[in-house]
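Dropping entry.pdb in here (PDB, N, CA and C atoms, pLDDT in the B column):
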```pdb
ATOM      1  N   THR A   1      67.009 219.332-142.796  1.00 62.00           N
ATOM      2  CA  THR A   1      67.007 218.267-141.806  1.00 62.00           C
ATOM      3  C   THR A   1      65.762 218.374-140.950  1.00 62.00           C
ATOM      4  N   ASN A   2      65.469 217.325-140.245  1.00 89.00           N
ATOM      5  CA  ASN A   2      64.323 217.313-139.356  1.00 89.00           C
ATOM      6  C   ASN A   2      64.836 217.096-137.940  1.00 89.00           C
ATOM      7  N   LEU A   3      65.067 218.187-137.244  1.00 90.00           N
ATOM      8  CA  LEU A   3      65.659 218.139-135.911  1.00 90.00           C
ATOM      9  C   LEU A   3      64.801 217.344-134.942  1.00 90.00           C
ATOM     10  N   THR A   4      63.505 217.496-135.020  1.00 89.00           N
ATOM     11  CA  THR A   4      62.608 216.760-134.129  1.00 89.00           C
ATOM     12  C   THR A   4      62.752 215.261-134.333  1.00 89.00           C
ATOM     13  N   ALA A   5      62.815 214.833-135.576  1.00 90.00           N
ATOM     14  CA  ALA A   5      62.960 213.399-135.872  1.00 90.00           C
ATOM     15  C   ALA A   5      64.303 212.872-135.392  1.00 90.00           C
ATOM     16  N   VAL A   6      65.357 213.645-135.608  1.00 91.00           N
ATOM     17  CA  VAL A   6      66.691 213.217-135.172  1.00 91.00           C
ATOM     18  C   VAL A   6      66.734 213.082-133.659  1.00 91.00           C
ATOM     19  N   MET A   7      66.158 214.043-132.954  1.00 90.00           N
ATOM     20  CA  MET A   7      66.178 214.011-131.491  1.00 90.00           C
ATOM     21  C   MET A   7      65.344 212.860-130.941  1.00 90.00           C
ATOM     22  N   GLY A   8      64.407 212.350-131.737  1.00 89.00           N
ATOM     23  CA  GLY A   8      63.552 211.253-131.299  1.00 89.00           C
ATOM     24  C   GLY A   8      64.108 209.871-131.582  1.00 89.00           C
ATOM     25  N   ILE A   9      65.245 209.796-132.248  1.00 92.00           N
ATOM     26  CA  ILE A   9      65.846 208.499-132.568  1.00 92.00           C
ATOM     27  C   ILE A   9      66.406 207.878-131.293  1.00 92.00           C
ATOM     28  N   PRO A  10      66.074 206.616-131.024  1.00 93.00           N
ATOM     29  CA  PRO A  10      66.622 205.953-129.836  1.00 93.00           C
ATOM     30  C   PRO A  10      68.153 205.963-129.873  1.00 93.00           C
ATOM     31  N   GLY A  11      68.744 206.315-128.761  1.00 93.00           N
ATOM     32  CA  GLY A  11      70.197 206.373-128.663  1.00 93.00           C
ATOM     33  C   GLY A  11      70.773 207.754-128.912  1.00 93.00           C
ATOM     34  N   VAL A  12      69.988 208.650-129.487  1.00 92.00           N
ATOM     35  CA  VAL A  12      70.448 210.020-129.724  1.00 92.00           C
ATOM     36  C   VAL A  12      70.150 210.845-128.480  1.00 92.00           C
ATOM     37  N   VAL A  13      71.173 211.525-127.987  1.00 92.00           N
ATOM     38  CA  VAL A  13      71.004 212.376-126.807  1.00 92.00           C
ATOM     39  C   VAL A  13      70.540 213.749-127.294  1.00 92.00           C
ATOM     40  N   GLY A  14      69.272 214.045-127.067  1.00 86.00           N
ATOM     41  CA  GLY A  14      68.679 215.286-127.555  1.00 86.00           C
ATOM     42  C   GLY A  14      69.363 216.535-127.047  1.00 86.00           C
ATOM     43  N   GLU A  15      69.829 216.512-125.796  1.00 87.00           N
ATOM     44  CA  GLU A  15      70.483 217.686-125.208  1.00 87.00           C
ATOM     45  C   GLU A  15      71.821 217.988-125.866  1.00 87.00           C
ATOM     46  N   LYS A  16      72.423 217.008-126.509  1.00 89.00           N
ATOM     47  CA  LYS A  16      73.729 217.206-127.139  1.00 89.00           C
ATOM     48  C   LYS A  16      73.634 217.320-128.658  1.00 89.00           C
ATOM     49  N   THR A  17      72.417 217.225-129.191  1.00 89.00           N
ATOM     50  CA  THR A  17      72.217 217.318-130.631  1.00 89.00           C
ATOM     51  C   THR A  17      72.335 218.772-131.061  1.00 89.00           C
ATOM     52  N   LYS A  18      73.076 219.020-132.148  1.00 90.00           N
ATOM     53  CA  LYS A  18      73.290 220.381-132.633  1.00 90.00           C
ATOM     54  C   LYS A  18      72.793 220.520-134.059  1.00 90.00           C
ATOM     55  N   SER A  19      72.408 221.732-134.385  1.00 92.00           N
ATOM     56  CA  SER A  19      72.012 222.080-135.745  1.00 92.00           C
ATOM     57  C   SER A  19      72.421 223.527-135.974  1.00 92.00           C
ATOM     58  N   ASN A  20      72.744 223.866-137.209  1.00 90.00           N
ATOM     59  CA  ASN A  20      73.038 225.266-137.511  1.00 90.00           C
ATOM     60  C   ASN A  20      71.905 225.911-138.312  1.00 90.00           C
ATOM     61  N   HIS A  21      70.773 225.243-138.358  1.00 94.00           N
ATOM     62  CA  HIS A  21      69.585 225.770-139.043  1.00 94.00           C
ATOM     63  C   HIS A  21      68.752 226.528-138.004  1.00 94.00           C
ATOM     64  N   VAL A  22      68.967 227.840-137.941  1.00 95.00           N
ATOM     65  CA  VAL A  22      68.391 228.668-136.878  1.00 95.00           C
ATOM     66  C   VAL A  22      66.865 228.632-136.883  1.00 95.00           C
ATOM     67  N   ILE A  23      66.255 228.653-138.041  1.00 94.00           N
ATOM     68  CA  ILE A  23      64.789 228.647-138.113  1.00 94.00           C
ATOM     69  C   ILE A  23      64.234 227.336-137.572  1.00 94.00           C
ATOM     70  N   GLU A  24      64.869 226.237-137.927  1.00 95.00           N
ATOM     71  CA  GLU A  24      64.426 224.938-137.426  1.00 95.00           C
ATOM     72  C   GLU A  24      64.615 224.840-135.909  1.00 95.00           C
ATOM     73  N   ILE A  25      65.704 225.382-135.408  1.00 94.00           N
ATOM     74  CA  ILE A  25      65.932 225.394-133.958  1.00 94.00           C
ATOM     75  C   ILE A  25      64.832 226.190-133.270  1.00 94.00           C
ATOM     76  N   GLU A  26      64.492 227.343-133.836  1.00 95.00           N
ATOM     77  CA  GLU A  26      63.434 228.175-133.242  1.00 95.00           C
ATOM     78  C   GLU A  26      62.097 227.445-133.245  1.00 95.00           C
ATOM     79  N   GLN A  27      61.785 226.763-134.325  1.00 94.00           N
ATOM     80  CA  GLN A  27      60.512 226.052-134.415  1.00 94.00           C
ATOM     81  C   GLN A  27      60.468 224.851-133.480  1.00 94.00           C
ATOM     82  N   THR A  28      61.607 224.223-133.246  1.00 93.00           N
ATOM     83  CA  THR A  28      61.663 223.008-132.433  1.00 93.00           C
ATOM     84  C   THR A  28      61.888 223.304-130.959  1.00 93.00           C
ATOM     85  N   LEU A  29      62.850 224.182-130.667  1.00 93.00           N
ATOM     86  CA  LEU A  29      63.281 224.395-129.282  1.00 93.00           C
ATOM     87  C   LEU A  29      62.949 225.774-128.725  1.00 93.00           C
ATOM     88  N   GLY A  30      62.557 226.696-129.583  1.00 95.00           N
ATOM     89  CA  GLY A  30      62.180 228.020-129.106  1.00 95.00           C
ATOM     90  C   GLY A  30      63.181 229.099-129.466  1.00 95.00           C
ATOM     91  N   ILE A  31      62.762 230.333-129.236  1.00 97.00           N
ATOM     92  CA  ILE A  31      63.536 231.502-129.649  1.00 97.00           C
ATOM     93  C   ILE A  31      64.843 231.636-128.875  1.00 97.00           C
ATOM     94  N   GLU A  32      64.855 231.284-127.595  1.00 97.00           N
ATOM     95  CA  GLU A  32      66.089 231.396-126.810  1.00 97.00           C
ATOM     96  C   GLU A  32      67.146 230.416-127.295  1.00 97.00           C
ATOM     97  N   ALA A  33      66.726 229.230-127.692  1.00 96.00           N
ATOM     98  CA  ALA A  33      67.673 228.251-128.245  1.00 96.00           C
ATOM     99  C   ALA A  33      68.218 228.751-129.580  1.00 96.00           C
ATOM    100  N   ALA A  34      67.377 229.374-130.389  1.00 96.00           N
ATOM    101  CA  ALA A  34      67.828 229.940-131.663  1.00 96.00           C
ATOM    102  C   ALA A  34      68.829 231.061-131.419  1.00 96.00           C
ATOM    103  N   ARG A  35      68.546 231.905-130.449  1.00 98.00           N
ATOM    104  CA  ARG A  35      69.455 232.998-130.083  1.00 98.00           C
ATOM    105  C   ARG A  35      70.805 232.450-129.665  1.00 98.00           C
ATOM    106  N   GLN A  36      70.800 231.427-128.817  1.00 97.00           N
ATOM    107  CA  GLN A  36      72.056 230.834-128.354  1.00 97.00           C
ATOM    108  C   GLN A  36      72.817 230.188-129.508  1.00 97.00           C
ATOM    109  N   SER A  37      72.097 229.598-130.437  1.00 96.00           N
ATOM    110  CA  SER A  37      72.724 228.992-131.614  1.00 96.00           C
ATOM    111  C   SER A  37      73.445 230.049-132.449  1.00 96.00           C
ATOM    112  N   ILE A  38      72.834 231.207-132.607  1.00 97.00           N
ATOM    113  CA  ILE A  38      73.461 232.300-133.351  1.00 97.00           C
ATOM    114  C   ILE A  38      74.737 232.739-132.651  1.00 97.00           C
ATOM    115  N   ILE A  39      74.674 232.909-131.344  1.00 98.00           N
ATOM    116  CA  ILE A  39      75.856 233.308-130.575  1.00 98.00           C
ATOM    117  C   ILE A  39      76.961 232.271-130.729  1.00 98.00           C
ATOM    118  N   ASP A  40      76.615 230.999-130.604  1.00 96.00           N
ATOM    119  CA  ASP A  40      77.605 229.922-130.732  1.00 96.00           C
ATOM    120  C   ASP A  40      78.251 229.919-132.112  1.00 96.00           C
ATOM    121  N   GLU A  41      77.459 230.121-133.155  1.00 96.00           N
ATOM    122  CA  GLU A  41      77.994 230.125-134.524  1.00 96.00           C
ATOM    123  C   GLU A  41      78.931 231.314-134.739  1.00 96.00           C
ATOM    124  N   ILE A  42      78.558 232.493-134.239  1.00 97.00           N
ATOM    125  CA  ILE A  42      79.420 233.673-134.382  1.00 97.00           C
ATOM    126  C   ILE A  42      80.739 233.435-133.656  1.00 97.00           C
ATOM    127  N   GLN A  43      80.669 232.915-132.426  1.00 96.00           N
ATOM    128  CA  GLN A  43      81.889 232.635-131.666  1.00 96.00           C
ATOM    129  C   GLN A  43      82.781 231.643-132.399  1.00 96.00           C
ATOM    130  N   PHE A  44      82.202 230.579-132.921  1.00 96.00           N
ATOM    131  CA  PHE A  44      82.954 229.547-133.629  1.00 96.00           C
ATOM    132  C   PHE A  44      83.689 230.139-134.834  1.00 96.00           C
ATOM    133  N   ILE A  45      82.990 230.939-135.622  1.00 96.00           N
ATOM    134  CA  ILE A  45      83.592 231.522-136.831  1.00 96.00           C
ATOM    135  C   ILE A  45      84.694 232.504-136.468  1.00 96.00           C
ATOM    136  N   MET A  46      84.428 233.353-135.499  1.00 96.00           N
ATOM    137  CA  MET A  46      85.425 234.355-135.125  1.00 96.00           C
ATOM    138  C   MET A  46      86.684 233.706-134.552  1.00 96.00           C
ATOM    139  N   LYS A  47      86.517 232.707-133.699  1.00 96.00           N
ATOM    140  CA  LYS A  47      87.681 232.026-133.120  1.00 96.00           C
ATOM    141  C   LYS A  47      88.497 231.323-134.195  1.00 96.00           C
ATOM    142  N   ASN A  48      87.830 230.714-135.172  1.00 97.00           N
ATOM    143  CA  ASN A  48      88.549 230.028-136.249  1.00 97.00           C
ATOM    144  C   ASN A  48      89.300 230.992-137.160  1.00 97.00           C
ATOM    145  N   HIS A  49      88.908 232.257-137.155  1.00 97.00           N
ATOM    146  CA  HIS A  49      89.607 233.268-137.947  1.00 97.00           C
ATOM    147  C   HIS A  49      90.562 234.098-137.084  1.00 97.00           C
ATOM    148  N   GLY A  50      90.752 233.677-135.837  1.00 97.00           N
ATOM    149  CA  GLY A  50      91.685 234.357-134.951  1.00 97.00           C
ATOM    150  C   GLY A  50      91.214 235.719-134.481  1.00 97.00           C
ATOM    151  N   MET A  51      89.918 235.938-134.498  1.00 96.00           N
ATOM    152  CA  MET A  51      89.369 237.229-134.092  1.00 96.00           C
ATOM    153  C   MET A  51      88.704 237.108-132.726  1.00 96.00           C
ATOM    154  N   THR A  52      88.810 238.157-131.949  1.00 93.00           N
ATOM    155  CA  THR A  52      88.120 238.177-130.662  1.00 93.00           C
ATOM    156  C   THR A  52      87.128 239.341-130.658  1.00 93.00           C
ATOM    157  N   ILE A  53      85.916 239.031-130.263  1.00 93.00           N
ATOM    158  CA  ILE A  53      84.852 240.030-130.156  1.00 93.00           C
ATOM    159  C   ILE A  53      84.220 239.852-128.783  1.00 93.00           C
ATOM    160  N   ASP A  54      83.953 240.941-128.129  1.00 96.00           N
ATOM    161  CA  ASP A  54      83.316 240.877-126.815  1.00 96.00           C
ATOM    162  C   ASP A  54      81.977 240.152-126.934  1.00 96.00           C
ATOM    163  N   ILE A  55      81.712 239.260-126.001  1.00 96.00           N
ATOM    164  CA  ILE A  55      80.492 238.443-126.011  1.00 96.00           C
ATOM    165  C   ILE A  55      79.239 239.310-126.050  1.00 96.00           C
ATOM    166  N   ARG A  56      79.299 240.490-125.454  1.00 98.00           N
ATOM    167  CA  ARG A  56      78.124 241.365-125.429  1.00 98.00           C
ATOM    168  C   ARG A  56      77.725 241.841-126.823  1.00 98.00           C
ATOM    169  N   HIS A  57      78.709 242.013-127.704  1.00 97.00           N
ATOM    170  CA  HIS A  57      78.394 242.411-129.073  1.00 97.00           C
ATOM    171  C   HIS A  57      77.704 241.271-129.818  1.00 97.00           C
ATOM    172  N   MET A  58      78.180 240.054-129.586  1.00 97.00           N
ATOM    173  CA  MET A  58      77.549 238.894-130.217  1.00 97.00           C
ATOM    174  C   MET A  58      76.134 238.693-129.682  1.00 97.00           C
ATOM    175  N   MET A  59      75.957 238.916-128.387  1.00 98.00           N
ATOM    176  CA  MET A  59      74.633 238.780-127.783  1.00 98.00           C
ATOM    177  C   MET A  59      73.676 239.831-128.345  1.00 98.00           C
ATOM    178  N   LEU A  60      74.166 241.053-128.522  1.00 98.00           N
ATOM    179  CA  LEU A  60      73.335 242.119-129.089  1.00 98.00           C
ATOM    180  C   LEU A  60      72.925 241.779-130.521  1.00 98.00           C
ATOM    181  N   LEU A  61      73.868 241.290-131.312  1.00 97.00           N
ATOM    182  CA  LEU A  61      73.554 240.897-132.683  1.00 97.00           C
ATOM    183  C   LEU A  61      72.514 239.777-132.705  1.00 97.00           C
ATOM    184  N   ALA A  62      72.680 238.784-131.833  1.00 98.00           N
ATOM    185  CA  ALA A  62      71.715 237.680-131.757  1.00 98.00           C
ATOM    186  C   ALA A  62      70.347 238.186-131.307  1.00 98.00           C
ATOM    187  N   ASP A  63      70.324 239.136-130.381  1.00 98.00           N
ATOM    188  CA  ASP A  63      69.053 239.721-129.934  1.00 98.00           C
ATOM    189  C   ASP A  63      68.332 240.409-131.094  1.00 98.00           C
ATOM    190  N   VAL A  64      69.070 241.172-131.885  1.00 97.00           N
ATOM    191  CA  VAL A  64      68.473 241.867-133.028  1.00 97.00           C
ATOM    192  C   VAL A  64      67.971 240.857-134.059  1.00 97.00           C
ATOM    193  N   MET A  65      68.749 239.808-134.289  1.00 96.00           N
ATOM    194  CA  MET A  65      68.373 238.809-135.294  1.00 96.00           C
ATOM    195  C   MET A  65      67.150 237.989-134.880  1.00 96.00           C
ATOM    196  N   THR A  66      66.905 237.863-133.570  1.00 95.00           N
ATOM    197  CA  THR A  66      65.776 237.051-133.105  1.00 95.00           C
ATOM    198  C   THR A  66      64.599 237.894-132.638  1.00 95.00           C
ATOM    199  N   PHE A  67      64.678 239.212-132.789  1.00 93.00           N
ATOM    200  CA  PHE A  67      63.586 240.092-132.392  1.00 93.00           C
ATOM    201  C   PHE A  67      62.423 239.927-133.356  1.00 93.00           C
ATOM    202  N   LYS A  68      61.210 239.783-132.799  1.00 80.00           N
ATOM    203  CA  LYS A  68      60.024 239.628-133.662  1.00 80.00           C
ATOM    204  C   LYS A  68      59.166 240.867-133.606  1.00 80.00           C
TER     205      LYS A  68
END
```
Could I get this structure in the form of structure tokens?
Amino acid sequence: TNLTAVMGIPGVVGEKTKSNHVIEIEQTLGIEAARQSIIDEIQFIMKNHGMTIDIRHMMLLADVMTFK
């Protein structure tokens, strides 16, 4: 997908647009947005499987995944 193009479409609210393509998010919105996307995806998957994980563990994993 082309996140930049989607966000530029008239009528599309860029702040509410979501993508699960972490690399594209990083290229379009920056590393912090990519990090937050990873955290959101982990939370979504864990909650749907009835699992609870402390947010700090998810944040640490996202930090490691986005470290350059």
What lies within 8 Å of segment 8-22 of chain A using all atoms listed in the file, ignoring chain neighbours under 3 positions off, as a PDB file with N, CA and C atoms, in the coordinates of the input?
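Final output, saved to selection-v8.pdb:
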```pdb
ATOM      1  N   THR A   1      67.009 219.332-142.796  1.00 62.00           N
ATOM      2  CA  THR A   1      67.007 218.267-141.806  1.00 62.00           C
ATOM      3  C   THR A   1      65.762 218.374-140.950  1.00 62.00           C
ATOM      4  N   ASN A   2      65.469 217.325-140.245  1.00 89.00           N
ATOM      5  CA  ASN A   2      64.323 217.313-139.356  1.00 89.00           C
ATOM      6  C   ASN A   2      64.836 217.096-137.940  1.00 89.00           C
ATOM      7  N   LEU A   3      65.067 218.187-137.244  1.00 90.00           N
ATOM      8  CA  LEU A   3      65.659 218.139-135.911  1.00 90.00           C
ATOM      9  C   LEU A   3      64.801 217.344-134.942  1.00 90.00           C
ATOM     10  N   THR A   4      63.505 217.496-135.020  1.00 89.00           N
ATOM     11  CA  THR A   4      62.608 216.760-134.129  1.00 89.00           C
ATOM     12  C   THR A   4      62.752 215.261-134.333  1.00 89.00           C
ATOM     13  N   ALA A   5      62.815 214.833-135.576  1.00 90.00           N
ATOM     14  CA  ALA A   5      62.960 213.399-135.872  1.00 90.00           C
ATOM     15  C   ALA A   5      64.303 212.872-135.392  1.00 90.00           C
ATOM     16  N   ILE A  25      65.704 225.382-135.408  1.00 94.00           N
ATOM     17  CA  ILE A  25      65.932 225.394-133.958  1.00 94.00           C
ATOM     18  C   ILE A  25      64.832 226.190-133.270  1.00 94.00           C
ATOM     19  N   GLU A  26      64.492 227.343-133.836  1.00 95.00           N
ATOM     20  CA  GLU A  26      63.434 228.175-133.242  1.00 95.00           C
ATOM     21  C   GLU A  26      62.097 227.445-133.245  1.00 95.00           C
ATOM     22  N   GLN A  27      61.785 226.763-134.325  1.00 94.00           N
ATOM     23  CA  GLN A  27      60.512 226.052-134.415  1.00 94.00           C
ATOM     24  C   GLN A  27      60.468 224.851-133.480  1.00 94.00           C
ATOM     25  N   THR A  28      61.607 224.223-133.246  1.00 93.00           N
ATOM     26  CA  THR A  28      61.663 223.008-132.433  1.00 93.00           C
ATOM     27  C   THR A  28      61.888 223.304-130.959  1.00 93.00           C
ATOM     28  N   ALA A  33      66.726 229.230-127.692  1.00 96.00           N
ATOM     29  CA  ALA A  33      67.673 228.251-128.245  1.00 96.00           C
ATOM     30  C   ALA A  33      68.218 228.751-129.580  1.00 96.00           C
ATOM     31  N   ALA A  34      67.377 229.374-130.389  1.00 96.00           N
ATOM     32  CA  ALA A  34      67.828 229.940-131.663  1.00 96.00           C
ATOM     33  C   ALA A  34      68.829 231.061-131.419  1.00 96.00           C
ATOM     34  N   ARG A  35      68.546 231.905-130.449  1.00 98.00           N
ATOM     35  CA  ARG A  35      69.455 232.998-130.083  1.00 98.00           C
ATOM     36  C   ARG A  35      70.805 232.450-129.665  1.00 98.00           C
ATOM     37  N   SER A  37      72.097 229.598-130.437  1.00 96.00           N
ATOM     38  CA  SER A  37      72.724 228.992-131.614  1.00 96.00           C
ATOM     39  C   SER A  37      73.445 230.049-132.449  1.00 96.00           C
ATOM     40  N   ILE A  38      72.834 231.207-132.607  1.00 97.00           N
ATOM     41  CA  ILE A  38      73.461 232.300-133.351  1.00 97.00           C
ATOM     42  C   ILE A  38      74.737 232.739-132.651  1.00 97.00           C
ATOM     43  N   GLU A  41      77.459 230.121-133.155  1.00 96.00           N
ATOM     44  CA  GLU A  41      77.994 230.125-134.524  1.00 96.00           C
ATOM     45  C   GLU A  41      78.931 231.314-134.739  1.00 96.00           C
TER      46      GLU A  41
END
```
Residues of chain A in helix (DSSP H, G or I), written as an mmCIF file with N, CA and C atoms, in the coordinates of the input:
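Saved the output as part_6.cif:
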```cif
data_model
loop_
_atom_site.group_PDB
_atom_site.id
_atom_site.type_symbol
_atom_site.label_atom_id
_atom_site.label_comp_id
_atom_site.auth_asym_id
_atom_site.auth_seq_id
_atom_site.Cartn_x
_atom_site.Cartn_y
_atom_site.Cartn_z
ATOM 1 N N LEU A 3 65.067 218.187 -137.244
ATOM 2 C CA LEU A 3 65.659 218.139 -135.911
ATOM 3 C C LEU A 3 64.801 217.344 -134.942
ATOM 4 N N THR A 4 63.505 217.496 -135.020
ATOM 5 C CA THR A 4 62.608 216.760 -134.129
ATOM 6 C C THR A 4 62.752 215.261 -134.333
ATOM 7 N N ALA A 5 62.815 214.833 -135.576
ATOM 8 C CA ALA A 5 62.960 213.399 -135.872
ATOM 9 C C ALA A 5 64.303 212.872 -135.392
ATOM 10 N N VAL A 6 65.357 213.645 -135.608
ATOM 11 C CA VAL A 6 66.691 213.217 -135.172
ATOM 12 C C VAL A 6 66.734 213.082 -133.659
ATOM 13 N N MET A 7 66.158 214.043 -132.954
ATOM 14 C CA MET A 7 66.178 214.011 -131.491
ATOM 15 C C MET A 7 65.344 212.860 -130.941
ATOM 16 N N GLY A 14 69.272 214.045 -127.067
ATOM 17 C CA GLY A 14 68.679 215.286 -127.555
ATOM 18 C C GLY A 14 69.363 216.535 -127.047
ATOM 19 N N GLU A 15 69.829 216.512 -125.796
ATOM 20 C CA GLU A 15 70.483 217.686 -125.208
ATOM 21 C C GLU A 15 71.821 217.988 -125.866
ATOM 22 N N LYS A 16 72.423 217.008 -126.509
ATOM 23 C CA LYS A 16 73.729 217.206 -127.139
ATOM 24 C C LYS A 16 73.634 217.320 -128.658
ATOM 25 N N VAL A 22 68.967 227.840 -137.941
ATOM 26 C CA VAL A 22 68.391 228.668 -136.878
ATOM 27 C C VAL A 22 66.865 228.632 -136.883
ATOM 28 N N ILE A 23 66.255 228.653 -138.041
ATOM 29 C CA ILE A 23 64.789 228.647 -138.113
ATOM 30 C C ILE A 23 64.234 227.336 -137.572
ATOM 31 N N GLU A 24 64.869 226.237 -137.927
ATOM 32 C CA GLU A 24 64.426 224.938 -137.426
ATOM 33 C C GLU A 24 64.615 224.840 -135.909
ATOM 34 N N ILE A 25 65.704 225.382 -135.408
ATOM 35 C CA ILE A 25 65.932 225.394 -133.958
ATOM 36 C C ILE A 25 64.832 226.190 -133.270
ATOM 37 N N GLU A 26 64.492 227.343 -133.836
ATOM 38 C CA GLU A 26 63.434 228.175 -133.242
ATOM 39 C C GLU A 26 62.097 227.445 -133.245
ATOM 40 N N GLN A 27 61.785 226.763 -134.325
ATOM 41 C CA GLN A 27 60.512 226.052 -134.415
ATOM 42 C C GLN A 27 60.468 224.851 -133.480
ATOM 43 N N THR A 28 61.607 224.223 -133.246
ATOM 44 C CA THR A 28 61.663 223.008 -132.433
ATOM 45 C C THR A 28 61.888 223.304 -130.959
ATOM 46 N N LEU A 29 62.850 224.182 -130.667
ATOM 47 C CA LEU A 29 63.281 224.395 -129.282
ATOM 48 C C LEU A 29 62.949 225.774 -128.725
ATOM 49 N N ILE A 31 62.762 230.333 -129.236
ATOM 50 C CA ILE A 31 63.536 231.502 -129.649
ATOM 51 C C ILE A 31 64.843 231.636 -128.875
ATOM 52 N N GLU A 32 64.855 231.284 -127.595
ATOM 53 C CA GLU A 32 66.089 231.396 -126.810
ATOM 54 C C GLU A 32 67.146 230.416 -127.295
ATOM 55 N N ALA A 33 66.726 229.230 -127.692
ATOM 56 C CA ALA A 33 67.673 228.251 -128.245
ATOM 57 C C ALA A 33 68.218 228.751 -129.580
ATOM 58 N N ALA A 34 67.377 229.374 -130.389
ATOM 59 C CA ALA A 34 67.828 229.940 -131.663
ATOM 60 C C ALA A 34 68.829 231.061 -131.419
ATOM 61 N N ARG A 35 68.546 231.905 -130.449
ATOM 62 C CA ARG A 35 69.455 232.998 -130.083
ATOM 63 C C ARG A 35 70.805 232.450 -129.665
ATOM 64 N N GLN A 36 70.800 231.427 -128.817
ATOM 65 C CA GLN A 36 72.056 230.834 -128.354
ATOM 66 C C GLN A 36 72.817 230.188 -129.508
ATOM 67 N N SER A 37 72.097 229.598 -130.437
ATOM 68 C CA SER A 37 72.724 228.992 -131.614
ATOM 69 C C SER A 37 73.445 230.049 -132.449
ATOM 70 N N ILE A 38 72.834 231.207 -132.607
ATOM 71 C CA ILE A 38 73.461 232.300 -133.351
ATOM 72 C C ILE A 38 74.737 232.739 -132.651
ATOM 73 N N ILE A 39 74.674 232.909 -131.344
ATOM 74 C CA ILE A 39 75.856 233.308 -130.575
ATOM 75 C C ILE A 39 76.961 232.271 -130.729
ATOM 76 N N ASP A 40 76.615 230.999 -130.604
ATOM 77 C CA ASP A 40 77.605 229.922 -130.732
ATOM 78 C C ASP A 40 78.251 229.919 -132.112
ATOM 79 N N GLU A 41 77.459 230.121 -133.155
ATOM 80 C CA GLU A 41 77.994 230.125 -134.524
ATOM 81 C C GLU A 41 78.931 231.314 -134.739
ATOM 82 N N ILE A 42 78.558 232.493 -134.239
ATOM 83 C CA ILE A 42 79.420 233.673 -134.382
ATOM 84 C C ILE A 42 80.739 233.435 -133.656
ATOM 85 N N GLN A 43 80.669 232.915 -132.426
ATOM 86 C CA GLN A 43 81.889 232.635 -131.666
ATOM 87 C C GLN A 43 82.781 231.643 -132.399
ATOM 88 N N PHE A 44 82.202 230.579 -132.921
ATOM 89 C CA PHE A 44 82.954 229.547 -133.629
ATOM 90 C C PHE A 44 83.689 230.139 -134.834
ATOM 91 N N ILE A 45 82.990 230.939 -135.622
ATOM 92 C CA ILE A 45 83.592 231.522 -136.831
ATOM 93 C C ILE A 45 84.694 232.504 -136.468
ATOM 94 N N MET A 46 84.428 233.353 -135.499
ATOM 95 C CA MET A 46 85.425 234.355 -135.125
ATOM 96 C C MET A 46 86.684 233.706 -134.552
ATOM 97 N N LYS A 47 86.517 232.707 -133.699
ATOM 98 C CA LYS A 47 87.681 232.026 -133.120
ATOM 99 C C LYS A 47 88.497 231.323 -134.195
ATOM 100 N N ASN A 48 87.830 230.714 -135.172
ATOM 101 C CA ASN A 48 88.549 230.028 -136.249
ATOM 102 C C ASN A 48 89.300 230.992 -137.160
ATOM 103 N N ILE A 55 81.712 239.260 -126.001
ATOM 104 C CA ILE A 55 80.492 238.443 -126.011
ATOM 105 C C ILE A 55 79.239 239.310 -126.050
ATOM 106 N N ARG A 56 79.299 240.490 -125.454
ATOM 107 C CA ARG A 56 78.124 241.365 -125.429
ATOM 108 C C ARG A 56 77.725 241.841 -126.823
ATOM 109 N N HIS A 57 78.709 242.013 -127.704
ATOM 110 C CA HIS A 57 78.394 242.411 -129.073
ATOM 111 C C HIS A 57 77.704 241.271 -129.818
ATOM 112 N N MET A 58 78.180 240.054 -129.586
ATOM 113 C CA MET A 58 77.549 238.894 -130.217
ATOM 114 C C MET A 58 76.134 238.693 -129.682
ATOM 115 N N MET A 59 75.957 238.916 -128.387
ATOM 116 C CA MET A 59 74.633 238.780 -127.783
ATOM 117 C C MET A 59 73.676 239.831 -128.345
ATOM 118 N N LEU A 60 74.166 241.053 -128.522
ATOM 119 C CA LEU A 60 73.335 242.119 -129.089
ATOM 120 C C LEU A 60 72.925 241.779 -130.521
ATOM 121 N N LEU A 61 73.868 241.290 -131.312
ATOM 122 C CA LEU A 61 73.554 240.897 -132.683
ATOM 123 C C LEU A 61 72.514 239.777 -132.705
ATOM 124 N N ALA A 62 72.680 238.784 -131.833
ATOM 125 C CA ALA A 62 71.715 237.680 -131.757
ATOM 126 C C ALA A 62 70.347 238.186 -131.307
ATOM 127 N N ASP A 63 70.324 239.136 -130.381
ATOM 128 C CA ASP A 63 69.053 239.721 -129.934
ATOM 129 C C ASP A 63 68.332 240.409 -131.094
ATOM 130 N N VAL A 64 69.070 241.172 -131.885
ATOM 131 C CA VAL A 64 68.473 241.867 -133.028
ATOM 132 C C VAL A 64 67.971 240.857 -134.059
ATOM 133 N N MET A 65 68.749 239.808 -134.289
ATOM 134 C CA MET A 65 68.373 238.809 -135.294
ATOM 135 C C MET A 65 67.150 237.989 -134.880
ATOM 136 N N THR A 66 66.905 237.863 -133.570
ATOM 137 C CA THR A 66 65.776 237.051 -133.105
ATOM 138 C C THR A 66 64.599 237.894 -132.638
#
```
Discussion item. Here is a test: counting all atoms listed in the file, which residue of A:Ile39, A:Met7, A:Ile31, A:Ile23 is nearest to Leu61 of chain A?
Written reply: A:Ile39
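Note that atom CA of Glu32 of chain A and atom C of Asp63 of chain A are 10.2 Å apart.
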Fill in: Point-to-point distance in Å for atom CA of Asn48 of chain A and atom CA of Leu29 of chain A
26.8 Å
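With atom N of Ile53 of chain A on one side and atom CA of Thr66 of chain A on the other, the separation reads 20.4 Å.
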Could the centre and edge lengths of an axis-aligned box, enclosing all atoms of segment 7-18 of chain A in the file with 8 Å extra on each side, be given in Å to one decimal as lines of an AutoDock Vina configuration file?
```
center_x = 68.6
center_y = 213.2
center_z = -129.6
size_x = 26.2
size_y = 30.6
size_z = 24.9
```
